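Next comes upload20.txt, a file with compact mmCIF, C-alpha atoms.
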```
# COMPACT_ATOMS: atom_id res chain seq x y z
CA MET T 27 117.90 67.13 115.74
CA THR T 28 117.68 69.42 118.77
CA LYS T 29 119.76 72.54 118.48
CA LYS T 30 122.62 72.65 120.97
CA GLY T 31 122.03 74.99 123.85
CA ARG T 32 118.28 75.14 123.27
CA PRO T 33 116.58 76.69 126.32
CA VAL T 34 113.75 75.11 128.26
CA LYS T 35 110.34 75.80 126.69
CA ARG T 36 108.14 75.06 129.72
CA GLY T 37 106.13 72.44 127.85
CA LYS T 38 105.51 74.43 124.66
CA SER T 39 106.52 73.16 121.23
CA ALA T 40 108.96 75.24 119.19
CA ASP T 41 106.18 76.71 117.03
CA ASP T 42 103.98 77.34 120.07
CA ALA T 43 106.78 79.09 121.94
CA ARG T 44 107.60 81.38 119.01
CA ALA T 45 103.93 82.16 118.40
CA ALA T 46 103.39 82.86 122.10
CA LEU T 47 106.26 85.36 122.10
CA ILE T 48 104.88 87.10 119.00
CA ALA T 49 101.45 87.30 120.68
CA ALA T 50 103.01 88.70 123.86
CA ALA T 51 104.88 91.29 121.82
CA ARG T 52 101.68 92.34 120.04
CA LYS T 53 100.05 92.99 123.39
CA LYS T 54 102.93 94.59 125.28
CA PHE T 55 104.33 96.88 122.58
CA VAL T 56 100.89 98.33 121.90
CA SER T 57 100.19 99.16 125.56
CA LYS T 58 103.71 100.42 126.37
CA SER T 59 106.55 102.15 124.55
CA TYR T 60 109.38 99.95 123.30
CA ASP T 61 111.92 100.93 125.95
CA LYS T 62 109.43 100.30 128.77
CA VAL T 63 108.89 96.64 127.82
CA SER T 64 111.34 94.19 129.36
CA ILE T 65 112.46 90.80 128.09
CA ARG T 66 111.34 89.29 131.37
CA GLU T 67 107.74 90.48 131.11
CA LEU T 68 107.51 89.36 127.47
CA ALA T 69 108.68 85.88 128.44
CA GLN T 70 106.35 85.76 131.45
CA LEU T 71 103.33 86.70 129.36
CA ALA T 72 104.29 84.13 126.73
CA GLY T 73 104.85 81.48 129.39
CA VAL T 74 108.38 80.63 128.26
CA ASN T 75 111.94 80.98 129.50
CA SER T 76 113.37 84.43 128.72
CA ALA T 77 116.27 82.71 126.92
CA MET T 78 113.77 81.73 124.24
CA ILE T 79 113.74 85.34 122.99
CA LYS T 80 117.46 85.20 122.26
CA TYR T 81 117.13 81.72 120.78
CA TYR T 82 114.38 82.61 118.29
CA PHE T 83 114.87 86.35 117.74
CA GLU T 84 118.40 87.15 119.02
CA SER T 85 117.14 90.11 121.06
CA LYS T 86 114.10 92.12 122.16
CA GLU T 87 114.54 94.23 119.03
CA GLY T 88 114.50 91.09 116.90
CA LEU T 89 111.23 89.99 118.51
CA TYR T 90 109.73 93.45 118.01
CA LYS T 91 110.68 93.49 114.33
CA ALA T 92 109.32 89.98 113.82
CA MET T 93 106.05 91.07 115.40
CA ILE T 94 105.91 94.20 113.23
CA THR T 95 106.55 92.11 110.12
CA GLU T 96 103.80 89.66 111.02
CA VAL T 97 101.16 92.27 111.84
CA THR T 98 101.82 94.50 108.84
CA GLY T 99 102.15 91.46 106.58
CA GLN T 100 98.68 90.31 107.59
CA VAL T 101 97.25 93.77 107.04
CA MET T 102 98.73 94.26 103.57
CA LYS T 103 97.77 90.73 102.52
CA ASN T 104 94.16 91.31 103.58
CA ILE T 105 93.91 94.65 101.79
CA LYS T 106 95.47 93.39 98.56
CA SER T 107 93.29 90.30 98.66
CA HIS T 108 90.19 92.46 98.94
CA LEU T 109 91.22 94.82 96.14
CA GLY T 110 91.93 91.90 93.85
CA SER T 111 88.85 89.87 94.74
CA GLY T 112 86.47 91.53 92.30
CA GLN T 113 84.11 92.35 95.18
CA PHE T 114 85.26 95.95 95.48
CA ASP T 115 82.31 97.76 93.91
CA SER T 116 81.76 100.77 96.15
CA LEU T 117 83.51 103.06 98.59
CA GLU T 118 81.40 101.56 101.35
CA ASP T 119 82.89 98.16 100.46
CA PHE T 120 86.36 99.59 101.02
CA PHE T 121 85.51 101.21 104.37
CA ARG T 122 83.87 98.00 105.56
CA SER T 123 86.80 95.90 104.42
CA PHE T 124 89.25 98.14 106.24
CA VAL T 125 87.24 97.91 109.45
CA GLU T 126 87.20 94.12 109.21
CA MET T 127 90.93 94.10 108.55
CA ILE T 128 91.69 96.25 111.60
CA LYS T 129 89.43 94.08 113.75
CA GLU T 130 91.66 91.15 112.77
CA SER T 131 94.85 93.13 113.49
CA PRO T 132 93.82 95.82 116.01
CA GLU T 133 97.46 96.50 116.87
CA PHE T 134 98.26 97.85 113.41
CA PRO T 135 97.02 101.48 113.73
CA LEU T 136 98.64 101.97 117.14
CA LEU T 137 101.91 100.39 116.07
CA MET T 138 101.92 102.61 112.99
CA LEU T 139 101.25 105.67 115.17
CA LYS T 140 104.05 104.78 117.58
CA GLU T 141 106.54 104.29 114.76
CA MET T 142 105.62 107.11 112.40
CA VAL T 143 104.47 109.87 114.75
CA LEU T 144 105.58 109.19 118.31
CA ASN T 145 108.90 107.54 117.40
CA GLN T 146 108.49 105.03 120.23
CA GLY T 147 109.66 101.96 118.32
CA VAL T 148 112.71 100.79 116.39
CA CYS T 149 111.25 100.17 112.92
CA ARG T 150 110.51 103.68 111.66
CA GLU T 151 112.66 103.29 108.54
CA TYR T 152 111.00 99.94 107.81
CA PHE T 153 107.57 101.59 108.01
CA ILE T 154 108.60 104.46 105.75
CA GLU T 155 110.52 102.47 103.15
CA ARG T 156 108.29 99.39 102.95
CA ILE T 157 104.95 99.69 104.70
CA GLY T 158 104.55 103.40 103.98
CA PHE T 159 104.98 102.98 100.24
CA GLU T 160 102.83 99.84 100.12
CA HIS T 161 100.16 101.59 102.15
CA MET T 162 100.07 104.58 99.82
CA GLN T 163 99.91 102.27 96.81
CA VAL T 164 96.79 100.65 98.23
CA PHE T 165 95.05 104.00 98.53
CA ASP T 166 96.31 104.93 95.07
CA GLN T 167 94.58 101.79 93.74
CA VAL T 168 91.34 102.94 95.34
CA TYR T 169 91.69 106.37 93.71
CA HIS T 170 92.32 104.92 90.25
CA HIS T 171 89.48 102.41 90.67
CA PHE T 172 86.96 105.26 90.95
CA LYS T 173 88.79 107.71 88.68
CA ASP T 174 89.02 105.23 85.82
CA SER T 175 85.32 104.40 86.16
CA GLY T 176 84.44 108.09 85.83
CA GLN T 177 82.91 108.42 89.29
CA LEU T 178 85.16 111.15 90.71
CA LYS T 179 84.75 114.88 90.23
CA ASP T 180 87.23 116.34 87.72
CA ASN T 181 88.92 118.58 90.29
CA VAL T 182 89.73 115.85 92.84
CA ASP T 183 93.45 115.89 93.65
CA PRO T 184 94.92 112.34 93.75
CA LEU T 185 97.24 113.01 96.70
CA LEU T 186 94.59 114.76 98.78
CA PHE T 187 92.14 111.97 97.96
CA ARG T 188 94.58 109.41 99.33
CA LEU T 189 95.43 111.43 102.43
CA SER T 190 91.78 112.09 103.25
CA LEU T 191 90.81 108.47 102.75
CA MET T 192 93.72 107.31 104.90
CA SER T 193 92.70 109.73 107.65
CA LEU T 194 89.13 108.47 107.70
CA VAL T 195 90.07 104.81 107.96
CA LEU T 196 92.96 105.13 110.44
CA HIS T 197 92.44 108.17 112.67
CA PRO T 198 89.37 106.86 114.55
CA TRP T 199 91.44 103.87 115.68
CA TYR T 200 94.22 106.13 116.94
CA MET T 201 91.61 107.96 119.01
CA ARG T 202 89.65 104.88 120.10
CA GLU T 203 90.65 104.97 123.77
CA LEU T 204 90.19 108.74 124.13
CA VAL T 205 86.81 108.68 122.38
CA GLY T 206 85.75 105.89 124.69
CA MET T 207 86.77 107.85 127.79
CA VAL T 208 85.36 111.23 126.70
CA GLU T 209 82.31 110.20 124.69
CA GLY T 210 81.58 106.80 126.18
CA VAL T 211 81.73 105.25 122.71
CA GLN T 212 82.35 101.54 122.29
CA PHE T 213 83.75 100.43 118.94
CA ASP T 214 81.14 97.70 118.70
CA GLU T 215 79.32 96.48 115.60
CA PRO T 216 76.50 99.10 115.65
CA PHE T 217 78.96 101.98 116.05
CA LEU T 218 81.35 100.66 113.40
CA GLU T 219 78.50 100.22 110.92
CA LYS T 220 77.33 103.77 111.63
CA MET T 221 80.88 105.07 111.12
CA ILE T 222 81.20 103.19 107.82
CA LYS T 223 77.96 104.74 106.52
CA HIS T 224 78.93 108.22 107.72
CA ASN T 225 82.43 108.13 106.19
CA THR T 226 81.03 106.80 102.92
CA GLN T 227 78.50 109.63 102.63
CA LEU T 228 81.03 112.26 103.68
CA PHE T 229 83.58 111.16 101.11
CA GLN T 230 81.12 110.56 98.30
CA HIS T 231 79.50 114.00 98.53
CA GLY T 232 82.92 115.65 98.63
CA CYS T 233 84.68 113.74 95.85
CA PHE T 234 82.13 111.86 93.73
CA LYS T 235 79.94 113.12 90.91
CA GLU T 236 76.33 113.44 92.02
CA GLU T 237 75.01 111.14 89.31
CA THR T 238 77.28 108.30 90.51
CA ILE T 239 76.24 108.45 94.18
```
Structure translated into structure tokens:
Amino acid sequence: MTKKGRPVKRGKSADDARAALIAAARKKFVSKSYDKVSIRELAQLAGVNSAMIKYYFESKEGLYKAMITEVTGQVMKNIKSHLGSGQFDSLEDFFRSFVEMIKESPEFPLLMLKEMVLNQGVCREYFIERIGFEHMQVFDQVYHHFKDSGQLKDNVDPLLFRLSLMSLVLHPWYMRELVGMVEGVQFDEPFLEKMIKHNTQLFQHGCFKEETI
């Protein structure tokens, strides 16, 4: 039964219209700060009536939060799936997995930066209370994976290990546009593979016992 007062969808099905709005939000909220994105431009990019935002999400904030939930949900699902797959044998595996994950959800690092550092969104508490803790737990799993197998040096601090690893996997994506402009670097397959190898060697020689490298 059609919901009373349902706005015109311009030919899109209900699922298509909602998905189109989420996709538009992923694009717009990455390129612009939250308060600079209008309901009208979100609807135009999605190809739907602007009333659809209120119908599905109640407001622009509701759409933004739904988009944040979807993107971060995909990211955490992919990471947890990899860690539990039994294919996580080396640090290089982890770096490569993280690169592949970000390629699937390239908005994630920038959205995280906007929320946690620049305070340009409306979900900062959500990131801190949910995503932040889950994120740190993932890196804690990586630490214990290598610590329990006896591969880490005895003096490696667990917190610093996690912070350093997080910096290596996320910071290059924060700086992607600037690095491209200043250094002319394209984050293509050859460069990403080179970065994976470099980060692996850097981290291993700093934190791993020589006989395990």
How close does each residue of segment 62-176 of chain T get to segment 204-219 of chain T, giving the shortest atom pair and distance in Å to one decimal for every residue with an atom at most 10 Å away, counting all atoms listed in the file, sorted by chain and residue number, as a tab-separated table?
```
residue	atom	partner	partner_atom	distance
T:Phe121	CA	T:Glu219	CA	9.6
T:Arg122	CA	T:Glu219	CA	7.9
T:Val125	CA	T:Leu218	CA	7.6
T:Glu126	CA	T:Leu218	CA	9.7
T:Lys129	CA	T:Phe213	CA	10.0
```
Those same residues, written as an mmCIF file, keeping the file's coordinate frame with C-alpha atoms?
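Contents of again-v1.cif, as written:
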```
data_model
loop_
_atom_site.group_PDB
_atom_site.id
_atom_site.type_symbol
_atom_site.label_atom_id
_atom_site.label_comp_id
_atom_site.auth_asym_id
_atom_site.auth_seq_id
_atom_site.Cartn_x
_atom_site.Cartn_y
_atom_site.Cartn_z
ATOM 1 C CA PHE T 121 85.510 101.210 104.370
ATOM 2 C CA ARG T 122 83.870 98.000 105.560
ATOM 3 C CA VAL T 125 87.240 97.910 109.450
ATOM 4 C CA GLU T 126 87.200 94.120 109.210
ATOM 5 C CA LYS T 129 89.430 94.080 113.750
#
```
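Between atom CA of Met162 of chain T and atom CA of Phe55 of chain T lies a distance of 24.4 Å.
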Å distance separating atom CA of Ser175 of chain T from atom CA of Phe120 of chain T, one decimal place: 15.7 Å
Using only C-alpha atoms, which residues sit within 12 Å of segment 131-143 of chain T once same-chain residues fewer than 2 positions away are excluded, as number ranges by chain? T: 49-60, 90-91, 93-105, 124-129, 145-155, 157-158, 161, 192-193, 195-203, 213
Residue with the minimum atom-to-atom distance to Asp180 of chain T, picked from T:Ile79, T:Cys233, T:Ala46, T:Leu71 with only C-alpha atoms counted, is T:Cys233
Separation of atom CA of Asp115 of chain T and atom CA of Glu130 of chain T, in Å? 22.1 Å
Choose the residue, out of T:Arg44, T:Lys62, T:Lys86, T:Lys223, that has the smallest atom-to-atom separation from Val74 of chain T; count only C-alpha atoms.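 Of T:Arg44, T:Lys62, T:Lys86, T:Lys223, the one nearest Val74 of chain T is T:Arg44, counting only C-alpha atoms.
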Which residue out of T:Gln230, T:Leu47, T:Gln177, T:Asp61 has the minimum interatomic distance to Lys80 of chain T when all atoms listed in the file are used? T:Leu47
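Residues lying within 12 Å of Leu185 of chain T, counting only C-alpha atoms and ignoring same-chain neighbours fewer than 2 positions away, are Met162, Gln163, Phe165, Asp166, Gln167, Val168, Tyr169, His170, Asn181, Val182, Asp183, Phe187, Arg188, Leu189, Ser190, Leu191 and Met192 of chain T.
Of the listed residues T:Leu144, T:Ala72, T:Ala43, T:Ile222, the one whose atoms come nearest to Asp119 of chain T is T:Ile222, with distances taken using only C-alpha atoms.
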